[in-house]
file entry-v4.cif (mmCIF, C-alpha atoms (C1' of nucleotides))
data_entry
#
loop_
_atom_site.label_atom_id
_atom_site.label_comp_id
_atom_site.auth_asym_id
_atom_site.auth_seq_id
_atom_site.Cartn_x
_atom_site.Cartn_y
_atom_site.Cartn_z
CA MET A 1306 -66.98 -55.10 -58.60
CA THR A 1307 -64.01 -52.87 -59.32
CA LEU A 1308 -64.91 -49.59 -61.04
CA PRO A 1309 -63.57 -49.65 -64.63
CA GLN A 1310 -61.13 -47.06 -65.92
CA SER A 1311 -63.94 -45.55 -68.06
CA PHE A 1312 -65.69 -44.48 -64.83
CA TYR A 1313 -62.92 -41.92 -64.30
CA ASP A 1314 -62.84 -40.64 -67.88
CA ARG A 1315 -65.38 -37.85 -67.20
CA ASP A 1316 -65.47 -34.38 -65.71
CA VAL A 1317 -63.81 -34.39 -62.30
CA VAL A 1318 -66.76 -32.75 -60.54
CA GLU A 1319 -69.09 -35.45 -61.82
CA VAL A 1320 -66.70 -38.24 -60.84
CA ALA A 1321 -66.21 -36.72 -57.37
CA ARG A 1322 -69.93 -36.79 -56.64
CA ASP A 1323 -70.29 -40.32 -58.04
CA LEU A 1324 -67.43 -41.62 -55.88
CA LEU A 1325 -69.46 -41.03 -52.71
CA GLY A 1326 -70.42 -44.45 -51.38
CA ALA A 1327 -67.71 -46.29 -53.32
CA VAL A 1328 -65.32 -48.51 -51.37
CA VAL A 1329 -61.53 -48.14 -51.28
CA GLN A 1330 -59.78 -51.42 -50.69
CA ARG A 1331 -56.24 -52.28 -49.74
CA GLY A 1332 -55.45 -55.70 -48.36
CA GLY A 1333 -57.84 -56.42 -45.51
CA VAL A 1334 -58.86 -52.79 -45.12
CA ALA A 1335 -62.02 -51.46 -46.80
CA LEU A 1336 -63.24 -47.86 -46.43
CA LYS A 1337 -66.44 -46.31 -47.75
CA ILE A 1338 -65.85 -42.87 -49.28
CA THR A 1339 -67.97 -40.25 -47.48
CA GLU A 1340 -66.35 -36.92 -48.43
CA VAL A 1341 -64.45 -35.72 -51.51
CA GLU A 1342 -63.23 -32.59 -53.29
CA ALA A 1343 -62.67 -31.93 -57.00
CA TYR A 1344 -59.59 -30.14 -58.40
CA ARG A 1345 -59.06 -29.30 -62.06
CA TRP A 1346 -56.58 -27.56 -64.29
CA PRO A 1347 -56.94 -25.38 -66.30
CA GLY A 1348 -59.53 -23.10 -64.74
CA ASP A 1349 -58.88 -23.75 -61.04
CA THR A 1350 -55.93 -22.13 -59.26
CA ALA A 1351 -56.49 -24.36 -56.22
CA CYS A 1352 -55.24 -27.31 -58.29
CA HIS A 1353 -51.68 -28.54 -57.83
CA ALA A 1354 -51.22 -28.45 -61.59
CA ARG A 1355 -51.62 -24.65 -61.73
CA ALA A 1356 -47.86 -24.09 -62.23
CA GLY A 1357 -47.60 -26.78 -64.87
CA ARG A 1358 -46.19 -30.26 -64.81
CA THR A 1359 -43.59 -31.03 -62.12
CA ALA A 1360 -42.03 -34.18 -60.72
CA ARG A 1361 -44.37 -33.99 -57.77
CA ASN A 1362 -47.64 -33.69 -59.67
CA ALA A 1363 -46.72 -35.90 -62.64
CA ALA A 1364 -49.42 -38.47 -61.79
CA LEU A 1365 -52.06 -35.72 -62.12
CA TRP A 1366 -51.29 -35.49 -65.84
CA GLY A 1367 -51.26 -39.23 -66.34
CA PRO A 1368 -54.05 -41.67 -67.19
CA CYS A 1369 -57.32 -41.47 -65.27
CA GLY A 1370 -58.18 -44.05 -62.66
CA HIS A 1371 -54.72 -43.88 -61.10
CA ALA A 1372 -53.83 -42.66 -57.61
CA TYR A 1373 -52.11 -39.33 -56.95
CA VAL A 1374 -50.49 -39.33 -53.52
CA TYR A 1375 -48.43 -36.46 -52.13
CA LEU A 1376 -47.05 -35.22 -48.83
CA CYS A 1377 -48.78 -32.25 -47.21
CA TYR A 1378 -47.18 -29.98 -44.60
CA GLY A 1379 -44.36 -32.48 -44.38
CA LEU A 1380 -46.55 -34.71 -42.25
CA HIS A 1381 -49.58 -36.11 -44.00
CA HIS A 1382 -50.01 -38.14 -47.13
CA LEU A 1383 -53.13 -37.20 -49.12
CA PHE A 1384 -54.93 -39.62 -51.42
CA ASN A 1385 -56.32 -38.38 -54.75
CA ILE A 1386 -57.90 -40.12 -57.73
CA VAL A 1387 -56.96 -38.89 -61.21
CA THR A 1388 -59.80 -38.21 -63.67
CA GLY A 1389 -60.24 -37.09 -67.28
CA GLY A 1390 -57.89 -37.39 -70.24
CA ASP A 1391 -54.12 -36.98 -70.47
CA ALA A 1392 -54.44 -33.43 -71.83
CA ASP A 1393 -55.74 -31.93 -68.58
CA ALA A 1394 -54.85 -32.41 -64.92
CA ALA A 1395 -57.71 -33.19 -62.57
CA ALA A 1396 -58.21 -35.29 -59.47
CA VAL A 1397 -60.59 -36.07 -56.62
CA LEU A 1398 -59.23 -35.68 -53.07
CA VAL A 1399 -60.66 -38.23 -50.62
CA ARG A 1400 -61.28 -36.31 -47.39
CA ALA A 1401 -63.21 -38.76 -45.21
CA CYS A 1402 -64.19 -42.42 -45.08
CA GLU A 1403 -66.24 -44.80 -43.01
CA PRO A 1404 -64.30 -47.95 -42.04
CA ILE A 1405 -65.96 -51.13 -43.32
CA ARG A 1406 -63.34 -53.82 -42.76
CA GLY A 1407 -59.92 -54.13 -41.18
CA MET A 1408 -60.53 -51.99 -38.09
CA ALA A 1409 -57.61 -53.56 -36.21
CA THR A 1410 -55.19 -52.64 -39.00
CA VAL A 1411 -56.64 -49.13 -39.19
CA SER A 1412 -56.21 -48.64 -35.43
CA ARG A 1413 -52.63 -49.84 -35.58
CA ARG A 1414 -51.81 -47.49 -38.44
CA ARG A 1415 -53.27 -44.65 -36.43
CA GLY A 1416 -50.68 -45.29 -33.78
CA GLY A 1417 -52.67 -47.74 -31.69
CA LYS A 1418 -54.73 -44.97 -30.16
CA THR A 1419 -57.69 -45.97 -28.07
CA GLY A 1420 -61.15 -44.53 -28.48
CA PRO A 1421 -63.32 -44.13 -31.59
CA VAL A 1422 -61.60 -44.55 -34.95
CA THR A 1423 -62.46 -41.39 -36.88
CA LEU A 1424 -61.39 -41.12 -40.50
CA THR A 1425 -62.53 -37.53 -41.00
CA GLY A 1426 -59.77 -35.58 -42.70
CA PRO A 1427 -57.64 -36.51 -45.70
CA GLY A 1428 -54.48 -37.19 -43.68
CA LYS A 1429 -56.26 -39.78 -41.61
CA VAL A 1430 -57.72 -41.53 -44.66
CA ALA A 1431 -54.32 -42.06 -46.29
CA ALA A 1432 -52.85 -43.14 -42.95
CA ALA A 1433 -55.62 -45.72 -42.48
CA LEU A 1434 -54.80 -47.15 -45.92
CA GLY A 1435 -51.09 -47.11 -45.15
CA LEU A 1436 -50.32 -45.04 -48.24
CA ASP A 1437 -47.09 -43.20 -48.98
CA LEU A 1438 -45.56 -41.57 -52.06
CA THR A 1439 -44.74 -44.93 -53.63
CA TRP A 1440 -48.47 -45.51 -54.19
CA SER A 1441 -48.75 -42.48 -56.47
CA ASP A 1442 -49.74 -43.49 -60.01
CA HIS A 1443 -51.02 -46.90 -58.87
CA PRO A 1444 -54.00 -48.01 -61.06
CA LEU A 1445 -57.24 -48.28 -59.08
CA TYR A 1446 -59.31 -50.11 -61.72
CA GLN A 1447 -57.62 -53.47 -61.12
CA PRO A 1448 -58.64 -55.51 -58.07
CA ARG A 1449 -55.13 -55.78 -56.67
CA GLY A 1450 -53.03 -53.71 -54.33
CA LEU A 1451 -55.13 -50.58 -54.00
CA SER A 1452 -58.52 -50.49 -55.75
CA ILE A 1453 -61.97 -48.88 -55.70
CA GLU A 1454 -65.14 -50.98 -55.72
CA ARG A 1455 -68.64 -49.94 -56.66
CA GLY A 1456 -70.77 -49.17 -53.59
CA GLU A 1457 -74.20 -47.93 -52.59
CA VAL A 1458 -75.35 -44.60 -53.97
CA PRO A 1459 -75.99 -42.29 -50.99
CA ALA A 1460 -79.56 -41.10 -50.37
CA GLY A 1461 -78.54 -37.49 -49.77
CA VAL A 1462 -75.51 -35.42 -50.71
CA LEU A 1463 -74.04 -32.30 -49.08
CA VAL A 1464 -72.24 -29.63 -51.12
CA GLY A 1465 -69.91 -26.84 -50.10
CA PRO A 1466 -66.65 -24.97 -50.72
CA ARG A 1467 -63.30 -26.72 -50.54
CA VAL A 1468 -61.08 -26.60 -47.47
CA GLY A 1469 -57.60 -25.10 -47.03
CA ILE A 1470 -57.16 -23.33 -50.37
CA ASP A 1471 -56.80 -19.69 -49.30
CA TYR A 1472 -53.95 -19.31 -51.78
CA ALA A 1473 -56.31 -19.76 -54.76
CA GLU A 1474 -57.95 -16.92 -56.69
CA PRO A 1475 -61.14 -15.68 -54.98
CA ALA A 1476 -63.32 -16.91 -57.84
CA HIS A 1477 -62.01 -20.43 -57.35
CA ARG A 1478 -62.04 -20.44 -53.54
CA CYS A 1479 -65.80 -20.61 -53.34
CA LEU A 1480 -66.50 -23.14 -56.08
CA PRO A 1481 -68.94 -25.70 -54.60
CA TRP A 1482 -66.70 -28.65 -55.37
CA ARG A 1483 -66.79 -30.45 -52.03
CA PHE A 1484 -69.28 -33.28 -51.69
CA ALA A 1485 -70.24 -35.45 -48.73
CA VAL A 1486 -72.69 -38.17 -47.87
CA ALA A 1487 -75.61 -36.68 -45.90
CA ASP A 1488 -76.63 -38.14 -42.56
CA THR A 1489 -73.30 -39.70 -41.67
CA ALA A 1490 -70.82 -38.89 -38.92
CA TRP A 1491 -67.92 -39.48 -41.29
CA VAL A 1492 -67.49 -35.95 -42.59
CA SER A 1493 -64.90 -33.28 -41.79
CA GLN A 1494 -65.60 -29.54 -41.52
CA ARG A 1495 -69.37 -30.09 -41.61
CA ARG A 1496 -70.18 -26.48 -40.78
CA SER A 1497 -69.63 -25.15 -44.29
CA LEU A 1498 -71.69 -27.84 -46.05
CA ARG A 1499 -75.24 -27.40 -47.33
CA ARG A 1500 -77.76 -29.64 -49.01
CA VAL A 1501 -77.64 -27.31 -51.99
CA ALA A 1502 -74.66 -25.61 -53.57
CA ALA A 1503 -74.39 -22.13 -52.08
CA PRO A 1504 -74.28 -19.24 -54.59
CA CYS A 1505 -70.82 -17.72 -54.76
"C1'" DC B 496 -67.79 -23.91 -28.15
"C1'" DG B 497 -63.82 -21.22 -30.42
"C1'" DT B 498 -58.99 -19.88 -32.11
"C1'" DC B 499 -54.06 -20.77 -32.42
"C1'" DA B 500 -49.36 -22.52 -32.82
"C1'" DG B 501 -46.17 -26.22 -33.55
"C1'" DA B 502 -44.69 -30.33 -35.84
"C1'" DT B 503 -42.13 -31.47 -40.17
"C1'" DG B 504 -40.18 -32.09 -45.04
"C1'" DA B 505 -40.68 -32.15 -50.17
"C1'" DT B 506 -41.07 -28.80 -53.48
"C1'" DC B 507 -40.22 -24.66 -56.21
"C1'" DA C 1156 -40.98 -19.50 -48.14
"C1'" DT C 1157 -44.82 -22.25 -49.01
"C1'" DC C 1158 -48.22 -25.87 -48.09
"C1'" DA C 1159 -55.39 -29.54 -50.33
"C1'" DT C 1160 -53.31 -31.15 -42.06
"C1'" DC C 1161 -53.70 -32.74 -37.25
"C1'" DT C 1162 -53.43 -32.28 -32.46
"C1'" DG C 1163 -53.36 -30.41 -28.08
"C1'" DA C 1164 -53.55 -26.20 -25.39
"C1'" DC C 1165 -55.91 -22.46 -23.79
"C1'" DG C 1166 -59.84 -18.84 -23.54
"C1'" DC C 1167 -64.74 -17.94 -23.28
#

call {"tool": "encode", "arguments": {"input": "entry-v4.cif", "output": "structure tokens"}}
result
Amino acid sequence: MTLPQSFYDRDVVEVARDLLGAVVQRGGVALKITEVEAYRWPGDTACHARAGRTARNAALWGPCGHAYVYLCYGLHHLFNIVTGGDADAAAVLVRACEPIRGMATVSRRRGGKTGPVTLTGPGKVAAALGLDLTWSDHPLYQPRGLSIERGEVPAGVLVGPRVGIDYAEPAHRCLPWRFAVADTAWVSQRRSLRRVAAPC
DNA sequence: CGTCAGATGATC
DNA sequence: ATCATCTGACGC
């Protein structure tokens, strides 16, 4: 069952945690979400919306339940899910997934590399889904194109600080807004994750 | 195990 | 100039 738009109309941190275990679907490829991060503006200088609305981050300010895709370091597309109302700008970054279906397609999109298919790291997730900038703003609450389906709630959850946001204010750098499924191999940067949110 | 630099391009 | 990354190279 596709998650309804109302699922995303809540605080981004709550939605991020609840997205663990959900399944992203595009064509024959299905990936279980195993690691996410929450970003929110106002109140979080790690968020892309910190400098206001721009052409690049327009989807962030749009309706919840839509995708926000952007290019990072000129190389990697990163897949985010917009949450909350139109007044604020918040999104969940999908950092890691466990492949469920469509392994052949995923391998091909990864450049036909041999060996284990690891989807740990946000660039790899978007690549496995074949996403580019044209997918930004795509609604995810309709079972067509790109969508998110309800999945199993994970038994345990890991919490920790977000990755790669050294430019943010110190108070925001250590917010425990990264969540991951416990007891799975499909997590990036495991070292900084704890079962309980670390005090800042 | 760790750290580090290079690739690469839209954005401000 | 900056950047929500990945990979391969090299040192311990």

call {"tool": "interface_residues", "arguments": {"input": "entry-v4.cif", "of": "chain A", "to": "chain C", "cutoff": "8 Å", "atoms": "only C-alpha atoms (C1' of nucleotides)", "output": "list in words"}}
result
Ala1351, Cys1377, Tyr1378, Leu1380, His1381, Leu1398, Gly1426, Pro1427, Gly1428, Val1468, Gly1469 and Ile1470 of chain A

call {"tool": "write_last_selection", "arguments": {"input": "entry-v4.cif", "atoms": "C-alpha atoms", "output": "mmCIF file, keeping the file's coordinate frame"}}
result
data_model
loop_
_atom_site.group_PDB
_atom_site.id
_atom_site.type_symbol
_atom_site.label_atom_id
_atom_site.label_comp_id
_atom_site.auth_asym_id
_atom_site.auth_seq_id
_atom_site.Cartn_x
_atom_site.Cartn_y
_atom_site.Cartn_z
ATOM 1 C CA ALA A 1351 -56.490 -24.360 -56.220
ATOM 2 C CA CYS A 1377 -48.780 -32.250 -47.210
ATOM 3 C CA TYR A 1378 -47.180 -29.980 -44.600
ATOM 4 C CA LEU A 1380 -46.550 -34.710 -42.250
ATOM 5 C CA HIS A 1381 -49.580 -36.110 -44.000
ATOM 6 C CA LEU A 1398 -59.230 -35.680 -53.070
ATOM 7 C CA GLY A 1426 -59.770 -35.580 -42.700
ATOM 8 C CA PRO A 1427 -57.640 -36.510 -45.700
ATOM 9 C CA GLY A 1428 -54.480 -37.190 -43.680
ATOM 10 C CA VAL A 1468 -61.080 -26.600 -47.470
ATOM 11 C CA GLY A 1469 -57.600 -25.100 -47.030
ATOM 12 C CA ILE A 1470 -57.160 -23.330 -50.370
#

call {"tool": "atom_distance", "arguments": {"input": "entry-v4.cif", "atom1": "CA of Gly1367 (chain A)", "atom2": "CA of His1382 (chain A)"}}
result
19.3 Å

call {"tool": "interface_residues", "arguments": {"input": "entry-v4.cif", "of": "chain A", "to": "chain B", "cutoff": "12 Å", "atoms": "only C-alpha atoms (C1' of nucleotides)", "output": "list in words"}}
result
His1353, Ala1356, Gly1357, Arg1358, Thr1359, Ala1360, Arg1361, Asn1362, Tyr1375, Leu1376, Cys1377, Tyr1378, Gly1379, Leu1380, His1381, His1382 and Leu1438 of chain A

call {"tool": "write_last_selection", "arguments": {"input": "entry-v4.cif", "atoms": "C-alpha atoms", "output": "mmCIF file, in the coordinates of the input"}}
result
data_model
loop_
_atom_site.group_PDB
_atom_site.id
_atom_site.type_symbol
_atom_site.label_atom_id
_atom_site.label_comp_id
_atom_site.auth_asym_id
_atom_site.auth_seq_id
_atom_site.Cartn_x
_atom_site.Cartn_y
_atom_site.Cartn_z
ATOM 1 C CA HIS A 1353 -51.680 -28.540 -57.830
ATOM 2 C CA ALA A 1356 -47.860 -24.090 -62.230
ATOM 3 C CA GLY A 1357 -47.600 -26.780 -64.870
ATOM 4 C CA ARG A 1358 -46.190 -30.260 -64.810
ATOM 5 C CA THR A 1359 -43.590 -31.030 -62.120
ATOM 6 C CA ALA A 1360 -42.030 -34.180 -60.720
ATOM 7 C CA ARG A 1361 -44.370 -33.990 -57.770
ATOM 8 C CA ASN A 1362 -47.640 -33.690 -59.670
ATOM 9 C CA TYR A 1375 -48.430 -36.460 -52.130
ATOM 10 C CA LEU A 1376 -47.050 -35.220 -48.830
ATOM 11 C CA CYS A 1377 -48.780 -32.250 -47.210
ATOM 12 C CA TYR A 1378 -47.180 -29.980 -44.600
ATOM 13 C CA GLY A 1379 -44.360 -32.480 -44.380
ATOM 14 C CA LEU A 1380 -46.550 -34.710 -42.250
ATOM 15 C CA HIS A 1381 -49.580 -36.110 -44.000
ATOM 16 C CA HIS A 1382 -50.010 -38.140 -47.130
ATOM 17 C CA LEU A 1438 -45.560 -41.570 -52.060
#

call {"tool": "axis_aligned_box", "arguments": {"input": "entry-v4.cif", "around": "region 1382-1395 of chain A", "padding_each_side": "3 Å", "output": "AutoDock Vina command-line options"}}
result
--center_x -55.1 --center_y -36.0 --center_z -59.5 --size_x 16.2 --size_y 14.2 --size_z 30.7

call {"tool": "atom_distance", "arguments": {"input": "entry-v4.cif", "atom1": "CA of Ser1441 (chain A)", "atom2": "CA of Tyr1313 (chain A)"}}
result
16.2 Å

call {"tool": "atom_distance", "arguments": {"input": "entry-v4.cif", "atom1": "CA of Gly1389 (chain A)", "atom2": "CA of His1443 (chain A)"}}
result
15.9 Å
